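Shown here: structure22.cif, mmCIF, C-alpha atoms and all ligand atoms.
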```
data_protein
loop_
_atom_site.label_atom_id
_atom_site.label_comp_id
_atom_site.auth_asym_id
_atom_site.auth_seq_id
_atom_site.Cartn_x
_atom_site.Cartn_y
_atom_site.Cartn_z
CA MET A 1 30.72 76.09 193.64
CA SER A 2 30.70 75.80 197.39
CA PHE A 3 32.26 72.46 198.23
CA SER A 4 32.62 71.38 201.85
CA LYS A 5 35.71 72.55 203.73
CA ARG A 6 36.94 68.95 203.59
CA MET A 7 37.37 69.28 199.84
CA ASP A 8 40.06 71.94 200.36
CA ARG A 9 42.27 69.08 201.51
CA VAL A 10 41.70 66.90 198.46
CA LYS A 11 44.60 66.95 196.05
CA ALA A 12 44.61 65.78 192.44
CA SER A 13 46.56 62.52 192.20
CA GLY A 14 50.11 62.91 190.90
CA ILE A 15 49.75 59.52 189.20
CA ARG A 16 46.75 60.64 187.18
CA ALA A 17 48.73 63.67 186.02
CA VAL A 18 51.52 61.42 184.74
CA GLN A 19 49.06 59.06 183.12
CA LYS A 20 47.53 62.03 181.29
CA ARG A 21 50.98 62.99 180.00
CA ILE A 22 51.45 59.42 178.77
CA ALA A 23 47.97 59.05 177.25
CA SER A 24 48.87 61.31 174.36
CA LYS A 25 51.85 59.08 173.48
CA PRO A 26 50.55 55.58 172.71
CA GLU A 27 53.93 54.53 171.27
CA VAL A 28 55.60 54.91 174.66
CA ILE A 29 56.56 51.75 176.60
CA SER A 30 54.85 52.34 179.92
CA PHE A 31 56.20 51.13 183.24
CA ALA A 32 53.73 53.51 184.86
CA ALA A 33 50.71 51.23 185.07
CA GLY A 34 49.19 49.92 188.29
CA LEU A 35 47.18 47.06 186.82
CA PRO A 36 47.29 43.30 186.63
CA ASP A 37 47.91 41.99 183.10
CA PRO A 38 44.48 41.71 181.37
CA ASN A 39 45.93 39.08 179.02
CA LEU A 40 46.04 36.70 181.97
CA TYR A 41 42.32 36.77 182.71
CA PRO A 42 41.10 33.19 182.11
CA LEU A 43 38.32 34.33 179.80
CA ASP A 44 37.12 30.86 178.76
CA ASP A 45 36.65 29.90 182.39
CA TYR A 46 34.98 33.25 183.11
CA LYS A 47 32.58 32.59 180.24
CA ALA A 48 31.72 29.14 181.60
CA ALA A 49 31.17 30.65 185.07
CA LEU A 50 28.93 33.33 183.56
CA ASP A 51 26.96 30.74 181.59
CA SER A 52 26.21 28.75 184.71
CA LEU A 53 25.37 31.93 186.61
CA MET A 54 22.87 32.87 183.88
CA ALA A 55 21.40 29.37 183.84
CA GLU A 56 21.19 28.84 187.59
CA ARG A 57 20.92 32.16 189.44
CA ALA A 58 20.36 34.99 186.98
CA ARG A 59 17.40 36.56 188.79
CA PRO A 60 18.99 36.89 192.23
CA ALA A 61 22.25 37.96 190.59
CA PHE A 62 20.49 40.88 188.90
CA SER A 63 18.62 41.89 192.07
CA TYR A 64 19.42 43.82 195.22
CA GLY A 65 21.13 41.83 197.94
CA LEU A 66 22.40 42.41 201.47
CA THR A 67 24.82 45.25 202.25
CA LYS A 68 27.07 42.81 204.09
CA GLY A 69 27.44 40.70 200.98
CA TYR A 70 26.20 37.58 199.20
CA GLY A 71 25.94 34.72 201.75
CA PRO A 72 27.80 32.02 199.77
CA LEU A 73 30.63 34.49 199.07
CA LEU A 74 30.92 35.26 202.79
CA ASP A 75 30.97 31.49 203.56
CA LEU A 76 33.68 31.03 200.98
CA LEU A 77 35.73 33.85 202.51
CA VAL A 78 35.43 32.38 206.02
CA ARG A 79 37.04 29.22 204.59
CA ARG A 80 39.56 31.12 202.51
CA MET A 81 40.74 33.24 205.46
CA ARG A 82 41.24 30.04 207.47
CA GLU A 83 42.93 27.97 204.76
CA LYS A 84 45.04 30.71 203.17
CA GLU A 85 45.85 32.95 206.12
CA GLY A 86 45.22 30.84 209.22
CA VAL A 87 42.69 33.43 210.42
CA GLU A 88 39.71 31.98 212.29
CA CYS A 89 36.74 34.19 211.59
CA THR A 90 32.98 34.04 211.10
CA LYS A 91 30.64 36.04 208.92
CA ASP A 92 30.38 38.50 211.83
CA ASN A 93 33.95 39.55 211.08
CA LEU A 94 33.35 40.15 207.39
CA CYS A 95 31.79 42.66 205.03
CA ILE A 96 32.09 42.63 201.24
CA LEU A 97 33.52 45.81 199.74
CA SER A 98 33.50 47.44 196.32
CA GLY A 99 37.25 46.97 196.00
CA SER A 100 39.64 47.27 198.90
CA GLN A 101 39.81 50.95 197.98
CA GLN A 102 36.34 51.25 199.50
CA GLY A 103 37.69 49.68 202.68
CA LEU A 104 40.32 52.41 202.84
CA GLY A 105 37.70 55.12 202.34
CA LEU A 106 35.40 53.57 204.95
CA ALA A 107 38.20 53.14 207.49
CA ALA A 108 39.06 56.81 207.06
CA LEU A 109 35.42 57.79 207.48
CA MET A 110 34.93 55.61 210.55
CA PHE A 111 38.15 56.27 212.44
CA VAL A 112 39.82 59.52 211.45
CA ASP A 113 39.07 62.84 213.15
CA GLU A 114 40.80 66.11 212.38
CA GLY A 115 44.22 66.20 214.05
CA ASP A 116 44.46 62.43 214.49
CA VAL A 117 47.78 60.94 213.53
CA ILE A 118 47.98 58.29 210.84
CA ILE A 119 51.23 56.40 210.60
CA THR A 120 52.19 55.02 207.19
CA GLU A 121 55.14 53.32 205.65
CA ASN A 122 57.28 55.90 203.91
CA PRO A 123 56.43 55.85 200.96
CA SER A 124 52.97 54.31 200.84
CA TYR A 125 49.94 53.72 198.64
CA LEU A 126 48.67 57.07 197.44
CA GLY A 127 45.06 55.84 197.30
CA ALA A 128 45.09 55.25 201.07
CA ILE A 129 46.72 58.58 201.86
CA ASN A 130 44.20 60.40 199.69
CA ALA A 131 41.28 58.51 201.24
CA CYS A 132 42.28 59.93 204.64
CA ARG A 133 43.14 63.48 203.58
CA PRO A 134 39.57 64.92 203.61
CA TYR A 135 39.32 64.23 207.35
CA GLY A 136 42.35 66.37 208.17
CA PRO A 137 44.73 63.95 209.85
CA GLU A 138 48.43 64.50 210.33
CA PHE A 139 50.53 61.85 208.60
CA VAL A 140 53.73 60.50 210.05
CA GLY A 141 55.81 58.35 207.74
CA VAL A 142 58.04 55.58 209.06
CA ASP A 143 60.85 54.32 206.86
CA THR A 144 61.14 50.67 205.88
CA ASP A 145 64.41 48.79 205.60
CA ASP A 146 64.89 45.46 203.84
CA ASP A 147 62.90 43.65 206.57
CA GLY A 148 59.89 45.95 206.88
CA MET A 149 58.87 48.99 208.89
CA VAL A 150 61.71 50.10 211.19
CA ILE A 151 60.45 49.01 214.60
CA GLU A 152 62.41 51.51 216.70
CA ASP A 153 60.78 54.28 214.67
CA VAL A 154 57.30 52.75 215.03
CA GLU A 155 57.85 52.66 218.80
CA ARG A 156 59.13 56.21 218.94
CA VAL A 157 56.33 57.61 216.78
CA LEU A 158 53.69 55.83 218.87
CA ARG A 159 55.28 57.12 222.06
CA GLU A 160 55.50 60.68 220.75
CA ASN A 161 52.00 60.79 219.26
CA PRO A 162 49.21 60.09 221.74
CA ARG A 163 46.75 60.89 218.94
CA ALA A 164 48.04 58.06 216.75
CA LYS A 165 44.79 56.49 215.56
CA MET A 166 45.75 54.17 212.79
CA ILE A 167 48.81 52.55 211.23
CA TYR A 168 48.31 51.79 207.56
CA VAL A 169 50.59 49.07 206.19
CA ILE A 170 51.04 46.81 203.16
CA PRO A 171 53.33 44.03 204.46
CA ASN A 172 53.21 42.03 201.20
CA PHE A 173 54.88 43.44 198.08
CA GLN A 174 54.02 46.99 198.83
CA ASN A 175 52.73 49.50 196.34
CA PRO A 176 54.94 51.38 195.47
CA THR A 177 58.20 49.74 196.61
CA GLY A 178 57.52 46.02 196.10
CA LYS A 179 59.00 45.32 199.56
CA ALA A 180 57.74 42.53 201.84
CA TRP A 181 58.21 42.31 205.61
CA THR A 182 60.00 39.35 207.16
CA LEU A 183 58.18 37.11 209.65
CA GLU A 184 60.33 38.38 212.50
CA ARG A 185 59.43 41.98 211.64
CA ARG A 186 55.72 41.15 211.47
CA LYS A 187 55.90 39.60 214.94
CA ARG A 188 57.86 42.50 216.45
CA PHE A 189 55.48 44.99 214.89
CA MET A 190 52.44 43.28 216.40
CA GLU A 191 54.17 43.05 219.80
CA VAL A 192 54.82 46.79 219.76
CA VAL A 193 51.42 47.94 218.51
CA SER A 194 49.61 45.66 220.96
CA GLN A 195 50.89 47.96 223.71
CA TYR A 196 49.00 50.91 222.25
CA ASP A 197 45.38 51.80 221.58
CA VAL A 198 45.84 52.07 217.83
CA MET A 199 44.19 50.38 214.85
CA VAL A 200 46.28 48.60 212.23
CA LEU A 201 44.87 48.81 208.71
CA GLU A 202 46.48 45.89 206.86
CA ASP A 203 46.02 46.16 203.10
CA ASN A 204 46.80 42.87 201.38
CA PRO A 205 45.83 42.99 197.71
CA TYR A 206 49.09 41.38 196.57
CA GLY A 207 49.51 38.67 199.23
CA GLU A 208 48.69 35.80 196.88
CA ILE A 209 51.04 37.02 194.19
CA ARG A 210 54.18 35.81 195.91
CA PHE A 211 56.58 34.45 193.33
CA LYS A 212 59.65 33.92 195.51
CA GLY A 213 60.15 32.64 199.04
CA GLU A 214 57.67 31.22 201.53
CA HIS A 215 54.17 32.43 202.23
CA LEU A 216 54.24 34.41 205.49
CA PRO A 217 51.37 34.96 207.91
CA CYS A 218 49.56 38.25 207.60
CA LEU A 219 49.38 40.62 210.57
CA LYS A 220 45.75 39.58 211.14
CA THR A 221 47.00 36.04 211.84
CA LEU A 222 49.28 37.45 214.56
CA ASP A 223 46.61 39.76 215.98
CA ARG A 224 45.71 38.84 219.57
CA LYS A 225 43.76 42.00 220.45
CA ASP A 226 41.51 42.44 217.41
CA GLN A 227 43.45 45.54 216.45
CA VAL A 228 43.93 44.64 212.80
CA ILE A 229 41.47 45.59 210.09
CA TYR A 230 42.41 43.31 207.22
CA LEU A 231 41.55 44.12 203.60
CA GLY A 232 41.60 41.40 200.93
CA SER A 233 40.67 41.72 197.27
CA PHE A 234 39.92 39.69 194.17
CA SER A 235 41.27 42.50 191.97
CA LYS A 236 44.76 41.11 191.45
CA ILE A 237 43.92 37.39 191.31
CA MET A 238 40.70 37.60 189.27
CA ALA A 239 40.05 41.06 187.80
CA PRO A 240 39.87 44.60 189.17
CA GLY A 241 36.75 45.41 187.14
CA LEU A 242 34.74 43.06 189.35
CA ARG A 243 35.16 45.40 192.33
CA VAL A 244 34.87 42.55 194.82
CA ALA A 245 36.93 42.74 198.01
CA TRP A 246 36.38 42.20 201.72
CA VAL A 247 37.22 43.41 205.18
CA CYS A 248 37.98 41.00 208.04
CA ALA A 249 37.94 42.74 211.42
CA ALA A 250 36.45 42.78 214.92
CA PRO A 251 32.66 42.30 214.77
CA GLU A 252 31.94 45.90 215.77
CA VAL A 253 34.22 47.17 213.00
CA ALA A 254 32.60 44.87 210.44
CA ALA A 255 29.13 45.99 211.62
CA MET A 256 30.03 49.69 211.42
CA THR A 257 31.55 49.11 207.97
CA GLU A 258 28.27 47.59 206.88
CA ARG A 259 26.28 50.50 208.32
CA MET A 260 28.42 53.12 206.58
CA LYS A 261 28.66 51.15 203.35
CA GLU A 262 24.88 51.16 203.19
CA THR A 263 24.95 54.96 203.09
CA LEU A 264 27.54 54.99 200.28
CA ASP A 265 26.47 52.35 197.78
CA LEU A 266 23.87 50.10 199.46
CA GLN A 267 25.96 47.08 198.52
CA SER A 268 28.70 45.87 196.21
CA PRO A 269 27.40 44.68 192.85
CA GLU A 270 25.34 41.56 193.45
CA PHE A 271 26.14 40.35 189.95
CA THR A 272 29.92 40.29 190.34
CA GLN A 273 29.68 38.70 193.80
CA HIS A 274 27.62 35.89 192.27
CA PHE A 275 30.14 35.67 189.44
CA VAL A 276 33.07 35.24 191.84
CA VAL A 277 31.21 32.44 193.64
CA SER A 278 30.24 30.78 190.37
CA TYR A 279 33.86 30.87 189.15
CA LEU A 280 35.36 29.63 192.42
CA GLU A 281 32.82 26.81 192.69
CA LYS A 282 33.39 25.66 189.14
CA PHE A 283 37.17 26.09 188.86
CA ASP A 284 40.24 25.67 190.99
CA ILE A 285 41.76 29.16 191.08
CA GLU A 286 45.16 27.93 192.27
CA PRO A 287 46.59 27.02 188.83
CA HIS A 288 45.46 30.42 187.59
CA ILE A 289 47.23 32.15 190.50
CA ALA A 290 50.33 30.03 189.80
CA LYS A 291 50.28 31.26 186.19
CA ILE A 292 50.07 34.89 187.33
CA GLN A 293 52.97 34.28 189.72
CA ALA A 294 55.14 32.64 187.06
CA THR A 295 54.45 35.36 184.49
CA TYR A 296 55.16 38.20 186.89
CA LYS A 297 58.28 36.46 188.20
CA ALA A 298 59.70 36.18 184.69
CA ARG A 299 59.01 39.86 184.04
CA SER A 300 60.37 41.01 187.37
CA ASP A 301 63.53 38.91 186.93
CA LEU A 302 64.01 40.30 183.44
CA MET A 303 63.55 43.86 184.63
CA LEU A 304 66.18 43.28 187.34
CA GLU A 305 68.57 41.76 184.79
CA MET A 306 68.12 44.81 182.54
CA ILE A 307 68.72 47.17 185.48
CA ARG A 308 72.02 45.39 186.16
CA ARG A 309 72.95 45.48 182.50
CA HIS A 310 71.93 49.02 181.51
CA PHE A 311 71.59 51.24 184.58
CA PRO A 312 74.43 53.16 186.24
CA ALA A 313 75.64 51.21 189.30
CA SER A 314 74.67 54.05 191.64
CA VAL A 315 70.94 53.50 190.97
CA LYS A 316 69.51 51.48 193.87
CA TYR A 317 66.60 49.10 193.35
CA THR A 318 64.36 46.74 195.30
CA GLU A 319 64.12 43.06 194.38
CA PRO A 320 60.47 42.08 194.83
CA GLU A 321 59.38 38.63 195.92
CA GLY A 322 55.89 39.24 194.58
CA GLY A 323 53.37 41.86 193.52
CA MET A 324 53.58 44.23 190.59
CA PHE A 325 56.23 46.88 191.32
CA LEU A 326 59.84 47.62 192.00
CA TRP A 327 61.35 50.86 193.24
CA LEU A 328 64.33 52.83 192.02
CA GLU A 329 66.37 55.33 193.96
CA LEU A 330 68.49 57.60 191.79
CA PRO A 331 71.55 59.35 193.18
CA GLY A 332 70.54 62.39 195.30
CA GLY A 333 70.03 65.61 193.42
CA LEU A 334 68.28 64.00 190.49
CA ASP A 335 64.63 64.87 189.95
CA ALA A 336 62.63 61.94 188.56
CA ASP A 337 59.71 64.17 187.63
CA ALA A 338 61.96 66.50 185.60
CA LEU A 339 63.57 63.47 183.93
CA LEU A 340 60.20 62.09 182.90
CA ASP A 341 59.86 64.49 179.96
CA GLU A 342 63.16 63.24 178.61
CA ALA A 343 62.16 59.61 179.20
CA LEU A 344 58.82 60.15 177.43
CA GLU A 345 60.61 61.77 174.53
CA ALA A 346 62.90 58.73 174.32
CA GLY A 347 59.90 56.38 174.49
CA VAL A 348 59.44 55.16 178.10
CA ALA A 349 57.24 56.15 181.01
CA TYR A 350 57.34 55.59 184.77
CA ILE A 351 55.80 57.13 187.88
CA PRO A 352 58.02 59.55 189.81
CA GLY A 353 57.98 58.39 193.44
CA GLU A 354 57.45 61.72 195.16
CA SER A 355 53.66 61.50 195.17
CA PHE A 356 53.71 58.30 197.27
CA TYR A 357 54.87 60.21 200.33
CA ALA A 358 52.22 61.71 202.61
CA ASN A 359 54.51 64.60 203.46
CA ASN A 360 57.23 66.02 201.22
CA GLY A 361 59.02 63.09 199.65
CA PRO A 362 62.41 62.94 197.99
CA LYS A 363 62.48 63.72 194.27
CA ASN A 364 64.88 60.98 193.23
CA THR A 365 62.64 57.89 193.36
CA ILE A 366 60.67 56.01 190.70
CA ARG A 367 57.95 53.33 190.76
CA MET A 368 58.29 50.75 188.01
CA ASN A 369 55.51 48.34 187.05
CA PHE A 370 56.41 45.01 185.42
CA THR A 371 53.00 43.37 184.99
CA THR A 372 51.52 45.07 181.96
CA VAL A 373 54.63 45.03 179.74
CA SER A 374 55.78 42.14 177.58
CA GLU A 375 59.28 40.71 177.92
CA GLU A 376 60.15 42.34 174.61
CA GLN A 377 59.01 45.73 175.88
CA ILE A 378 60.98 45.26 179.10
CA VAL A 379 64.18 44.52 177.16
CA LYS A 380 63.72 47.52 174.89
CA GLY A 381 62.26 49.96 177.43
CA MET A 382 64.84 49.31 180.14
CA GLU A 383 67.69 49.93 177.72
CA ILE A 384 66.10 53.23 176.71
CA LEU A 385 65.62 54.23 180.34
CA GLY A 386 69.19 53.18 181.14
CA ASN A 387 70.45 55.48 178.38
CA VAL A 388 68.40 58.40 179.70
CA LEU A 389 69.81 57.83 183.20
CA LYS A 390 73.37 57.55 181.92
CA ARG A 391 73.11 61.05 180.44
CA HIS A 392 72.65 62.37 183.98
CA ILE A 393 74.69 59.97 186.10
CA GLN A 394 78.41 59.53 185.63
C1 LIG B 1 48.00 48.82 198.08
C2 LIG B 1 46.70 48.89 197.36
N1 LIG B 1 45.57 48.90 198.07
C3 LIG B 1 44.36 48.93 197.47
C4 LIG B 1 44.26 48.97 196.09
C5 LIG B 1 42.89 48.99 195.48
O1 LIG B 1 42.52 47.73 195.08
P1 LIG B 1 41.03 47.30 194.77
O2 LIG B 1 40.95 47.06 193.31
O3 LIG B 1 40.78 46.07 195.59
O4 LIG B 1 40.15 48.44 195.19
C6 LIG B 1 45.41 48.96 195.31
C7 LIG B 1 45.30 49.03 193.84
O5 LIG B 1 46.23 49.03 193.10
C8 LIG B 1 46.67 48.93 195.97
O6 LIG B 1 47.82 48.92 195.28
#
```
Starting from the file, lay out its structure as structure tokens.
Amino acid sequence: MSFSKRMDRVKASGIRAVQKRIASKPEVISFAAGLPDPNLYPLDDYKAALDSLMAERARPAFSYGLTKGYGPLLDLLVRRMREKEGVECTKDNLCILSGSQQGLGLAALMFVDEGDVIITENPSYLGAINACRPYGPEFVGVDTDDDGMVIEDVERVLRENPRAKMIYVIPNFQNPTGKAWTLERRKRFMEVVSQYDVMVLEDNPYGEIRFKGEHLPCLKTLDRKDQVIYLGSFSKIMAPGLRVAWVCAAPEVAAMTERMKETLDLQSPEFTQHFVVSYLEKFDIEPHIAKIQATYKARSDLMLEMIRRHFPASVKYTEPEGGMFLWLELPGGLDADALLDEALEAGVAYIPGESFYANNGPKNTIRMNFTTVSEEQIVKGMEILGNVLKRHIQ
């Protein structure tokens, strides 16, 4: 088979490989997932929304629509961006996407040439790194501290890399670390990047799942030069199977997104766009989001309590204020991938952190998911994992 040269750069996802190893062991308690909890979908409300969709707009919902997206959904997003994020935009700034993952793929297609430099948080979301890889960029990772991306390093990397094209960031409850940037750090970051000709790709699928602390403005809110390409998604607050997300960016970026999207999939599913509108018109989503927040907070708090109770004190961990993940750092020298076989044998699974680094990452990190496990499973699974770690850490 003669694939394009670009395909030489495409790597199989390390996460998929782990998930394959887990798939054959259904009895294992898995902290390896990357999904919202399906038990939280408000299915009765979804059924009522579907019923009214079928009664009132079935024919247009089953038909082709515009590449840019279903008009009432775009109107709703103009309001939502204003009310939720303080971003003043019009439909000219928007395009509906088939998941924010499509926004990552389209941004890579539209902006990245071979040899361009893409700056990411270190570690970062593997799906974004992999979306860029076919175009042959160089990745430069910038570490994050407790407040966000280290600004001195952002400045240095921008200064040293005239071909820096894009900075990809997840300021809210990052996948994989669960970290969130402080307001001060968001402001400093925007001040620094505004001095350079560089795009900021702000990926915000978890922004509404804050379960501690105050809501903070997104980078797009602080964007004075139209540098930020903002991606929002209904995947984590409604359901990922809908594949409904959006980009909010400068009009020429939104227009180019629309043009390229047309070549990829013509449009996002008309049916699920209608469904989202039908649900949001009929129901107040806020109590549903509050329920997601409360459930995830309880699970995250419990996971932290179990870490303190069962893990060796030298294991470092993040304390998320939202989202779906926390991040472990084992003492140096330990290999989380090698330990996984032992953990699976004992009955628990996780994702070794190495694959979240664009360039060679350390081997001693782990991503833990707390959204798809019950409190019972967290209590049991964390004790098991603690015992595995204790065998290797004095
Ligand atoms: C940081 C990040 N960006 C994008 C996505 C993709 O989300 P969507 O379902 O909107 O495509 C995910 C999914 O887990 C994610 O963690």
With all atoms listed in the file counted, collect every polymer residue having an atom within 7 Å of ligand LIG 1 (chain B); state the result as a short mmCIF file (atom, residue, chain, number, x, y, z; two decimals) with C-alpha atoms, in the coordinates of the input.
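Heads up, here's the output in out_20.cif:
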```
data_model
loop_
_atom_site.label_atom_id
_atom_site.label_comp_id
_atom_site.auth_asym_id
_atom_site.auth_seq_id
_atom_site.Cartn_x
_atom_site.Cartn_y
_atom_site.Cartn_z
CA GLY A 34 49.19 49.92 188.29
CA LEU A 35 47.18 47.06 186.82
CA SER A 98 33.50 47.44 196.32
CA GLY A 99 37.25 46.97 196.00
CA SER A 100 39.64 47.27 198.90
CA GLN A 101 39.81 50.95 197.98
CA GLN A 102 36.34 51.25 199.50
CA TYR A 125 49.94 53.72 198.64
CA GLY A 127 45.06 55.84 197.30
CA ILE A 170 51.04 46.81 203.16
CA GLN A 174 54.02 46.99 198.83
CA ASN A 175 52.73 49.50 196.34
CA ASP A 203 46.02 46.16 203.10
CA ASN A 204 46.80 42.87 201.38
CA PRO A 205 45.83 42.99 197.71
CA SER A 233 40.67 41.72 197.27
CA PHE A 234 39.92 39.69 194.17
CA SER A 235 41.27 42.50 191.97
CA PRO A 240 39.87 44.60 189.17
CA ARG A 243 35.16 45.40 192.33
CA VAL A 244 34.87 42.55 194.82
CA ALA A 245 36.93 42.74 198.01
#
```
query = So how many Å separate CA of Ile118 (chain A) and CA of Gly141 (chain A), to one decimal?
reply = 8.4 Å
key: Among listed residues A:Pro36, A:Gly14, A:Pro162, A:Pro312, nearest Val373 (chain A) (using all atoms listed in the file)   =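 Smallest distance to Val373 (chain A) is found for A:Pro36.
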ask   = What is the distance between CA of Ala61 (chain A) and CA of Trp246 (chain A), in Å to one decimal?
value =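 So the answer is 18.5 Å.
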message = Please determine, counting only C-alpha atoms, which residue among A:Val315, A:Ala346, A:Ile351, A:Ala358 has the shortest atom-to-atom distance to Glu27 (chain A).
response =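 Going through A:Val315, A:Ala346, A:Ile351, A:Ala358 one by one, the smallest distance to Glu27 (chain A) is for A:Ala346.
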ask   = Could you pull the residues within 8 Å of Met199 (chain A), counting all atoms listed in the file, minus those fewer than 5 positions along the same chain, as a ChimeraX atom specification?
value = /A:165-167,227-229
ask   = So which one's closest to Phe311 (chain A), A:Leu385, A:Ala239, A:Ile378, A:Val112? Using all atoms listed in the file, please.
value = A:Leu385
note = For Tyr168 (chain A), the closest of A:Asn360, A:Thr90, A:Thr318, A:Thr120 counting all atoms listed in the file is A:Thr120
request  = Select, from A:Thr221, A:Ser355, A:Asn364, A:Asn161, the residue with the minimum atom-to-atom distance to Glu138 (chain A), counting only C-alpha atoms.
outcome  =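 Between A:Thr221, A:Ser355, A:Asn364, A:Asn161, the residue approaching Glu138 (chain A) most closely is A:Asn161.
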ask   = So which residues touch region 17-25 of chain A within 10 Å, counting all atoms listed in the file, skipping near sequence neighbours fewer than 5 positions away, as a PyMOL selection string?
value = chain A and resi 12+30+32-33+337+340-341+344-345+347-352
request  = For a cut-off of 6 Å around (33.5, 39.8, 209.8), file coordinates, pick out all residues using all atoms listed in the file and list them as a PyMOL selection string.
outcome  = chain A and resi 90-95+248-249+251+254
key: Residue contacts of Leu76 (chain A) (12 Å, all atoms listed in the file) excluding same-chain residues fewer than 3 positions away, as a PyMOL selection string   = chain A and resi 69-73+79-84+89-91+94+96+246+273-274+276-281
Point-to-point distance in Å for CA of Val192 (chain A) and CA of Glu155 (chain A) =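 About the pair CA of Glu155 (chain A) and CA of Val192 (chain A): they are 6.7 Å apart.
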Kindly list the centre and edge lengths in Å, rounded to one decimal, for the axis-aligned box that covers all listed atoms of region 1-7 of chain A plus 5 Å on each of its six sides, as JSON.
```
{"center_x": 34.0, "center_y": 72.5, "center_z": 198.7, "size_x": 16.7, "size_y": 17.1, "size_z": 20.1}
```
Shell around Gln267 (chain A) at 9 Å using all atoms listed in the file, local window under 5 positions removed, as a count of residues only = 12
task = Give me the residues within 9 Å of Ile366 (chain A) as a list in words, counting only C-alpha atoms and dropping any in the same chain fewer than 4 places off.
result =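 Result of the neighbour search: Pro176, Thr177, Leu326, Trp327, Leu328, Glu329, Leu330, Ala336, Asp337, Tyr350, Ile351, Pro352, Gly353 and Glu354 of chain A.
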key: Best match for closeness to Ser13 (chain A) among A:Arg159, A:Pro171, A:Glu85, A:Ile129, counting all atoms listed in the file   =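 Closest residue, counting all atoms listed in the file: A:Ile129.
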task = Kindly provide, as a VMD selection string, the polymer residues lying within 12 Å of (49.9, 33.6, 211.0), counting only C-alpha atoms and using the coordinates exactly as they appear in the file.
result = chain A and resid 81 to 88 183 to 184 186 to 187 190 215 to 224
